[in-house]
Structures are given as C-alpha cells and as structure tokens.
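A.B. asks: Sharing data.txt here; it has compact mmCIF, C-alpha atoms.
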# COMPACT_ATOMS: atom_id res chain seq x y z
CA MET R 763 71.99 117.82 89.56
CA THR R 764 74.78 116.65 87.33
CA PHE R 765 74.72 113.36 85.60
CA SER R 766 78.05 111.66 85.00
CA ILE R 767 78.91 108.27 83.67
CA LYS R 768 81.79 106.55 85.30
CA PRO R 769 84.24 104.63 83.12
CA ALA R 770 83.67 101.51 85.21
CA SER R 771 79.94 101.67 84.42
CA ILE R 772 80.63 101.93 80.70
CA ILE R 773 82.96 98.95 80.86
CA SER R 774 80.40 96.93 82.82
CA PHE R 775 77.67 97.84 80.33
CA LEU R 776 79.83 96.94 77.32
CA SER R 777 80.89 93.67 78.94
CA ALA R 778 77.27 92.71 79.58
CA LEU R 779 76.36 93.61 76.01
CA PHE R 780 79.24 91.50 74.70
CA LEU R 781 78.21 88.51 76.83
CA LEU R 782 74.63 88.78 75.61
CA SER R 783 75.72 88.95 71.99
CA THR R 784 78.11 85.99 72.31
CA GLY R 785 75.38 84.03 74.09
CA ALA R 786 73.08 84.65 71.14
CA SER R 787 75.84 83.64 68.76
CA ALA R 788 76.46 80.49 70.76
CA ALA R 789 72.76 79.65 70.63
CA GLN R 790 72.73 80.19 66.87
CA SER R 791 75.91 78.14 66.53
CA SER R 792 74.38 75.32 68.58
CA ALA R 793 71.28 75.34 66.41
CA THR R 794 73.49 75.24 63.32
CA SER R 795 75.48 72.40 64.86
CA ASP R 796 72.26 70.41 65.39
CA GLN R 797 71.24 71.13 61.79
CA ASP R 798 74.65 70.06 60.48
CA PHE R 799 74.46 66.87 62.50
CA LEU R 800 70.97 66.11 61.21
CA THR R 801 72.14 66.57 57.63
CA ARG R 802 75.03 64.13 58.22
CA ALA R 803 72.76 61.68 60.05
CA ILE R 804 70.18 61.75 57.25
CA ARG R 805 72.92 61.12 54.68
CA ASN R 806 74.29 58.19 56.68
CA ASN R 807 70.84 56.77 57.18
CA GLN R 808 70.04 57.17 53.48
CA LEU R 809 73.20 55.22 52.60
CA GLU R 810 72.26 52.42 54.99
CA LEU R 811 68.70 52.34 53.67
CA ARG R 812 70.00 52.02 50.09
CA LEU R 813 72.49 49.37 51.17
CA GLY R 814 69.68 47.44 52.86
CA HIS R 815 67.75 47.41 49.58
CA LEU R 816 70.92 46.31 47.80
CA ALA R 817 71.41 43.43 50.26
CA THR R 818 67.87 42.19 49.63
CA GLU R 819 68.58 42.19 45.88
CA ARG R 820 72.23 41.06 45.73
CA GLY R 821 72.71 39.09 48.92
CA ASN R 822 74.05 35.62 48.30
CA SER R 823 72.72 33.96 51.44
CA PRO R 824 69.25 34.00 52.99
CA ASP R 825 70.84 35.58 56.10
CA MET R 826 72.19 38.46 54.00
CA LYS R 827 68.79 39.02 52.40
CA ALA R 828 67.15 38.97 55.86
CA MET R 829 69.76 41.46 57.12
CA GLY R 830 68.87 43.72 54.20
CA GLU R 831 65.16 43.52 55.02
CA LYS R 832 65.86 44.36 58.66
CA MET R 833 68.00 47.33 57.61
CA VAL R 834 65.26 48.64 55.32
CA LYS R 835 62.72 48.47 58.14
CA ASN R 836 64.99 49.92 60.85
CA HIS R 837 66.43 52.69 58.70
CA GLY R 838 63.02 53.50 57.25
CA ASP R 839 61.79 54.10 60.81
CA LEU R 840 64.89 56.15 61.67
CA GLU R 841 64.46 58.18 58.47
CA LYS R 842 61.03 59.36 59.65
CA GLN R 843 62.41 60.41 63.03
CA LEU R 844 65.37 62.26 61.52
CA GLU R 845 63.21 64.02 58.94
CA ASP R 846 60.76 65.16 61.64
CA LEU R 847 63.64 66.65 63.65
CA ALA R 848 65.15 68.19 60.52
CA GLN R 849 61.86 69.84 59.63
CA LYS R 850 61.60 71.35 63.11
CA SER R 851 65.17 72.65 63.02
CA GLY R 852 65.28 73.83 59.43
CA ALA R 853 67.95 71.32 58.37
CA SER R 854 67.94 69.80 54.90
CA GLN R 855 65.63 66.80 54.84
CA THR R 856 66.90 65.40 51.55
CA PRO R 857 70.67 65.87 51.37
CA GLU R 858 72.54 64.08 48.61
CA LEU R 859 74.97 61.32 49.47
CA THR R 860 78.57 62.46 49.68
CA ALA R 861 80.98 61.36 46.97
CA ASP R 862 82.49 58.79 49.38
CA GLN R 863 79.06 57.41 50.22
CA GLN R 864 78.10 57.16 46.56
CA ALA R 865 81.41 55.42 45.80
CA THR R 866 80.76 52.93 48.60
CA TYR R 867 77.30 52.18 47.25
CA SER R 868 78.60 51.82 43.68
CA ARG R 869 81.44 49.55 44.77
CA LEU R 870 79.04 47.19 46.54
CA ALA R 871 76.47 47.35 43.73
CA ALA R 872 79.12 46.02 41.34
CA LEU R 873 79.63 42.87 43.45
CA SER R 874 77.64 39.67 43.64
CA GLY R 875 77.67 36.30 45.35
CA PRO R 876 79.98 35.62 48.30
CA ASP R 877 82.12 38.66 47.39
CA PHE R 878 79.09 40.90 47.92
CA ASP R 879 78.26 39.31 51.29
CA GLN R 880 81.80 39.57 52.62
CA ASN R 881 82.37 43.16 51.45
CA PHE R 882 78.92 44.22 52.57
CA LYS R 883 79.48 43.02 56.14
CA GLN R 884 82.87 44.75 56.44
CA THR R 885 81.56 47.97 54.90
CA LEU R 886 78.54 47.98 57.19
CA ASN R 887 80.80 47.47 60.21
CA ASP R 888 82.94 50.44 59.10
CA ILE R 889 79.83 52.58 58.67
CA HIS R 890 78.50 51.62 62.09
CA VAL R 891 81.80 52.44 63.82
CA HIS R 892 81.84 55.86 62.17
CA GLU R 893 78.17 56.42 62.94
CA LEU R 894 78.68 55.47 66.59
CA SER R 895 81.40 58.09 66.90
CA MET R 896 79.18 60.68 65.23
CA TYR R 897 76.21 60.00 67.52
CA LYS R 898 78.38 59.90 70.67
CA SER R 899 79.66 63.35 69.79
CA GLU R 900 76.11 64.61 69.26
CA VAL R 901 75.02 63.31 72.67
CA ASN R 902 77.52 65.76 74.18
CA GLN R 903 76.67 68.67 71.87
CA ALA R 904 72.94 68.48 71.05
CA GLN R 905 70.93 71.50 72.08
CA ASP R 906 67.56 70.11 71.04
CA PRO R 907 66.23 67.73 73.74
CA GLU R 908 64.53 65.46 71.18
CA LEU R 909 67.73 65.20 69.17
CA HIS R 910 69.70 64.49 72.32
CA ALA R 911 67.29 61.67 73.24
CA LEU R 912 67.46 60.20 69.74
CA ALA R 913 71.26 60.34 69.78
CA GLN R 914 71.40 58.57 73.16
CA LYS R 915 69.08 55.84 71.93
CA ARG R 916 71.06 55.45 68.71
CA VAL R 917 74.37 55.20 70.64
CA ALA R 918 72.99 52.29 72.67
CA THR R 919 71.80 50.52 69.51
CA LEU R 920 75.06 51.13 67.63
CA GLU R 921 77.23 49.99 70.55
CA LYS R 922 75.33 46.72 70.62
CA THR R 923 75.60 46.35 66.84
CA VAL R 924 79.33 47.09 66.73
CA ASN R 925 80.01 44.72 69.63
CA GLN R 926 78.01 41.93 67.98
CA ALA R 927 79.95 42.40 64.74
CA GLY R 928 83.15 41.65 66.60
CA GLN R 929 86.28 43.66 66.14
CA ALA R 930 85.96 47.26 65.11
CA PRO R 931 88.16 48.34 62.22
CA GLU R 932 91.24 50.39 63.04
CA SER R 933 89.68 53.47 61.50
CA ALA R 934 86.28 54.13 60.09
CA ARG R 935 85.93 55.92 56.78
CA LYS R 936 85.84 59.65 57.37
CA GLY R 937 83.63 60.71 54.47
CA TRP R 938 80.48 59.15 55.88
Go ahead and express the file in the form of structure tokens.

C.D. replies:
Amino acid sequence: MTFSIKPASIISFLSALFLLSTGASAAQSSATSDQDFLTRAIRNNQLELRLGHLATERGNSPDMKAMGEKMVKNHGDLEKQLEDLAQKSGASQTPELTADQQATYSRLAALSGPDFDQNFKQTLNDIHVHELSMYKSEVNQAQDPELHALAQKRVATLEKTVNQAGQAPESARKGW
C-alpha cells in the first residue's frame, strides 16, 4: 500500500495551522489590550483620586470640598476594583501618571480660590468626557467578562456625570 499526500491536504493542514496560530495571537492580543486598558484606567483613576484630595484641600466653596470628598470615596472604591482586575490579568497595578496628567495636576495645585473651583470643574469635565470614550471603547473590546461588566457600569455612571455637567467640551485631552 502506497501512502501519498495530496497537495490539497497539505494546503488544508497549513491553513488550519495558520488559523490556530492567529487565533492564539488574537487571544494574546486581546489579553494585552485588556491589560493596556487597565493600565490607562488605573492612571486616570489615580489622577481623579489625587484631584479629589486637592479639591478637599484647595476648594473655595463648601460644595467644591464636598465634591472632592465624594471623588475620594468613589475613586478609592474604583481603585480597588481596577487593581483586583489588574492583578488577575498581569497588568501594572501602580502605573505612574503620564506627563499630561501630572501637568494637569500641577496646574490645578497652583490655583486657589474661585480660580481653582472654576478650572477644576472644567478640567474634571474634560477628564470625564475622555474617560467615557475610553470606557465605551473597552465595552466593545474587553475579553475579560469582569472587565466588560465594570466598563459597562462605568459608562452608565460617566454618561450621567457628563450629562449633569452640561455641555461636553469640543475635544477631550488626549493624554489622559
């Protein structure tokens, strides 16, 4: 009995092998995408947590100080959730702020009185618009079911926050 391999069989085998390898690459890429998102989300959250502390210290009005306290509580809770997901996925749990984020913090930290309150509100609105876009994108791309659920929940919260703040800026800062 003679054994022969037909060219069509070789092509089918190689095609299947290619599809399996690209599927594995896609899975790795998706996991990396989730990790990249978590790193960005933790950075954003860290900025908002620091800004909340700043508002409690530098806020001119009692409303601004109360807003800062609320931010510290809410973003402290979110920080725990993000860090738990980051630990599971292998993403960095303590990324440094970007240069743009640090500049934003420094700019606000240099202000006081009504100037602080006014600039703080506008900056926070810009951050929330950017963050909303980031989380909406993650809802469509997340591979991890827990991350997907968190992103969906965060989108609902951010949509409400942005709508309550009134008009969204023409473009959110891209470095956040």

A.B. asks: Please determine, counting only C-alpha atoms, which residue among R:Val901, R:Leu800, R:Met833, R:Val917 has the shortest atom-to-atom distance to Gly852 in chain R.

C.D. replies: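 Among the listed residues, R:Leu800 lies closest to Gly852 in chain R.
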
A.B. asks: Between R:Gln797, R:Gln855, R:Leu873, R:Asn836, which is the closest to Glu819 in chain R once you count only C-alpha atoms?

C.D. replies: R:Leu873

A.B. asks: Around (68.4, 55.3, 45.0) in the file's frame, which residues reach within 12 Å when counting all atoms listed in the file? Return as a PyMOL selection string?

C.D. replies: chain R and resi 808-816+858-859+864+867-868+871

A.B. asks: Convert the current residue selection to file output with C-alpha atoms, as a compact mmCIF listing (two decimals), in the coordinates of the input.

C.D. replies:
# COMPACT_ATOMS: atom_id res chain seq x y z
CA GLN R 808 70.04 57.17 53.48
CA LEU R 809 73.20 55.22 52.60
CA GLU R 810 72.26 52.42 54.99
CA LEU R 811 68.70 52.34 53.67
CA ARG R 812 70.00 52.02 50.09
CA LEU R 813 72.49 49.37 51.17
CA GLY R 814 69.68 47.44 52.86
CA HIS R 815 67.75 47.41 49.58
CA LEU R 816 70.92 46.31 47.80
CA GLU R 858 72.54 64.08 48.61
CA LEU R 859 74.97 61.32 49.47
CA GLN R 864 78.10 57.16 46.56
CA TYR R 867 77.30 52.18 47.25
CA SER R 868 78.60 51.82 43.68
CA ALA R 871 76.47 47.35 43.73

A.B. asks: Using all atoms listed in the file for the distances, tell me which of R:Lys898, R:Lys827, R:Arg916, R:His837 is nearest to Arg805 in chain R.

C.D. replies: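 Of all the options, R:His837 lies closest to Arg805 in chain R.
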
A.B. asks: Find the residue from R:His890, R:Asn925, R:Leu912, R:Ala828 that sits nearest to Asp846 in chain R; use only C-alpha atoms when measuring.

C.D. replies: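 Using only C-alpha atoms, Asp846 in chain R sits closest to R:Leu912.
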
A.B. asks: Just the residues within 12 Å of Glu908 in chain R, please, counting all atoms listed in the file, with nothing from its chain fewer than 3 positions along; format it as a list in words.

C.D. replies: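 In the requested form, the answer reads Asp796, Leu800, Gln843, Leu844, Asp846, Leu847, Ala848, Lys850, Ser851, Glu900, Val901, Ala904, Gln905, Ala911, Leu912, Ala913, Gln914 and Lys915 of chain R.
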
A.B. asks: Between CA of Gly875 in chain R and CA of Gly838 in chain R, what is the spacing in Å?

C.D. replies: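 Distance between the two atoms: 25.5 Å.
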
A.B. asks: Specify the axis-aligned box that encloses all atoms of range 813-819 of chain R listed in the file after padding of 6 Å on each side, stating its centre and edge lengths in Å to one decimal as lines of an AutoDock Vina configuration file.

C.D. replies:
center_x = 70.1
center_y = 45.8
center_z = 49.4
size_x = 16.7
size_y = 19.2
size_z = 19.0

A.B. asks: Work out how far apart CA of Thr818 in chain R and CA of Gly830 in chain R are and give it in Å to one decimal.

C.D. replies: 4.9 Å

A.B. asks: Report, in Å to a single decimal, how far apart CA of Val924 in chain R and CA of Asn887 in chain R are.

C.D. replies: 6.7 Å

A.B. asks: Complete range 845-856 of chain R with all heavy atoms (output as a CSV table (one decimal), in the coordinates of the input).

C.D. replies:
chain,number,residue,atom,x,y,z
R,845,GLU,N,63.9,63.0,59.8
R,845,GLU,CA,63.2,64.0,58.9
R,845,GLU,C,62.3,64.9,59.8
R,845,GLU,O,62.2,66.1,59.5
R,845,GLU,CB,62.5,63.4,57.8
R,845,GLU,CG,63.4,62.9,56.7
R,845,GLU,CD,62.7,62.1,55.6
R,845,GLU,OE1,61.5,61.9,55.7
R,845,GLU,OE2,63.4,61.8,54.6
R,846,ASP,N,61.6,64.3,60.8
R,846,ASP,CA,60.8,65.2,61.6
R,846,ASP,C,61.6,66.2,62.4
R,846,ASP,O,61.3,67.4,62.5
R,846,ASP,CB,60.0,64.3,62.6
R,846,ASP,CG,58.8,63.5,62.0
R,846,ASP,OD1,58.5,63.8,60.9
R,846,ASP,OD2,58.3,62.6,62.7
R,847,LEU,N,62.7,65.7,62.9
R,847,LEU,CA,63.6,66.6,63.6
R,847,LEU,C,64.2,67.7,62.7
R,847,LEU,O,64.4,68.8,63.1
R,847,LEU,CB,64.7,65.9,64.4
R,847,LEU,CG,64.3,65.0,65.6
R,847,LEU,CD1,65.4,64.1,66.0
R,847,LEU,CD2,63.8,66.0,66.7
R,848,ALA,N,64.6,67.3,61.5
R,848,ALA,CA,65.2,68.2,60.5
R,848,ALA,C,64.1,69.3,60.1
R,848,ALA,O,64.5,70.4,60.0
R,848,ALA,CB,65.6,67.4,59.3
R,849,GLN,N,62.9,68.9,60.0
R,849,GLN,CA,61.9,69.8,59.6
R,849,GLN,C,61.7,70.9,60.7
R,849,GLN,O,61.6,72.1,60.5
R,849,GLN,CB,60.5,69.1,59.4
R,849,GLN,CG,59.4,70.1,58.9
R,849,GLN,CD,58.2,69.3,58.6
R,849,GLN,OE1,58.0,68.2,59.0
R,849,GLN,NE2,57.2,70.0,57.9
R,850,LYS,N,61.7,70.4,62.0
R,850,LYS,CA,61.6,71.4,63.1
R,850,LYS,C,62.8,72.3,63.2
R,850,LYS,O,62.6,73.5,63.6
R,850,LYS,CB,61.5,70.6,64.4
R,850,LYS,CG,60.2,69.8,64.6
R,850,LYS,CD,60.2,69.0,65.9
R,850,LYS,CE,59.0,68.1,66.0
R,850,LYS,NZ,59.0,67.3,67.2
R,851,SER,N,64.0,71.8,62.8
R,851,SER,CA,65.2,72.6,63.0
R,851,SER,C,65.5,73.5,61.8
R,851,SER,O,66.4,74.3,61.8
R,851,SER,CB,66.4,71.8,63.4
R,851,SER,OG,66.8,71.1,62.3
R,852,GLY,N,64.9,73.1,60.7
R,852,GLY,CA,65.3,73.8,59.4
R,852,GLY,C,66.4,73.2,58.7
R,852,GLY,O,66.9,73.8,57.7
R,853,ALA,N,66.9,72.0,59.1
R,853,ALA,CA,68.0,71.3,58.4
R,853,ALA,C,67.4,70.7,57.1
R,853,ALA,O,66.2,70.5,56.9
R,853,ALA,CB,68.5,70.2,59.3
R,854,SER,N,68.3,70.4,56.2
R,854,SER,CA,67.9,69.8,54.9
R,854,SER,C,67.4,68.4,55.2
R,854,SER,O,68.1,67.6,55.8
R,854,SER,CB,69.1,69.7,54.0
R,854,SER,OG,68.8,69.0,52.8
R,855,GLN,N,66.2,68.1,54.6
R,855,GLN,CA,65.6,66.8,54.8
R,855,GLN,C,66.0,65.8,53.7
R,855,GLN,O,65.8,64.6,53.9
R,855,GLN,CB,64.1,66.9,54.9
R,855,GLN,CG,63.6,67.8,56.1
R,855,GLN,CD,62.1,68.0,56.0
R,855,GLN,OE1,61.4,67.0,55.7
R,855,GLN,NE2,61.7,69.2,56.3
R,856,THR,N,66.6,66.3,52.7
R,856,THR,CA,66.9,65.4,51.6
R,856,THR,C,68.3,65.7,51.0
R,856,THR,O,68.5,66.0,49.8
R,856,THR,CB,65.9,65.5,50.4
R,856,THR,OG1,65.8,66.9,50.0
R,856,THR,CG2,64.5,65.0,50.8
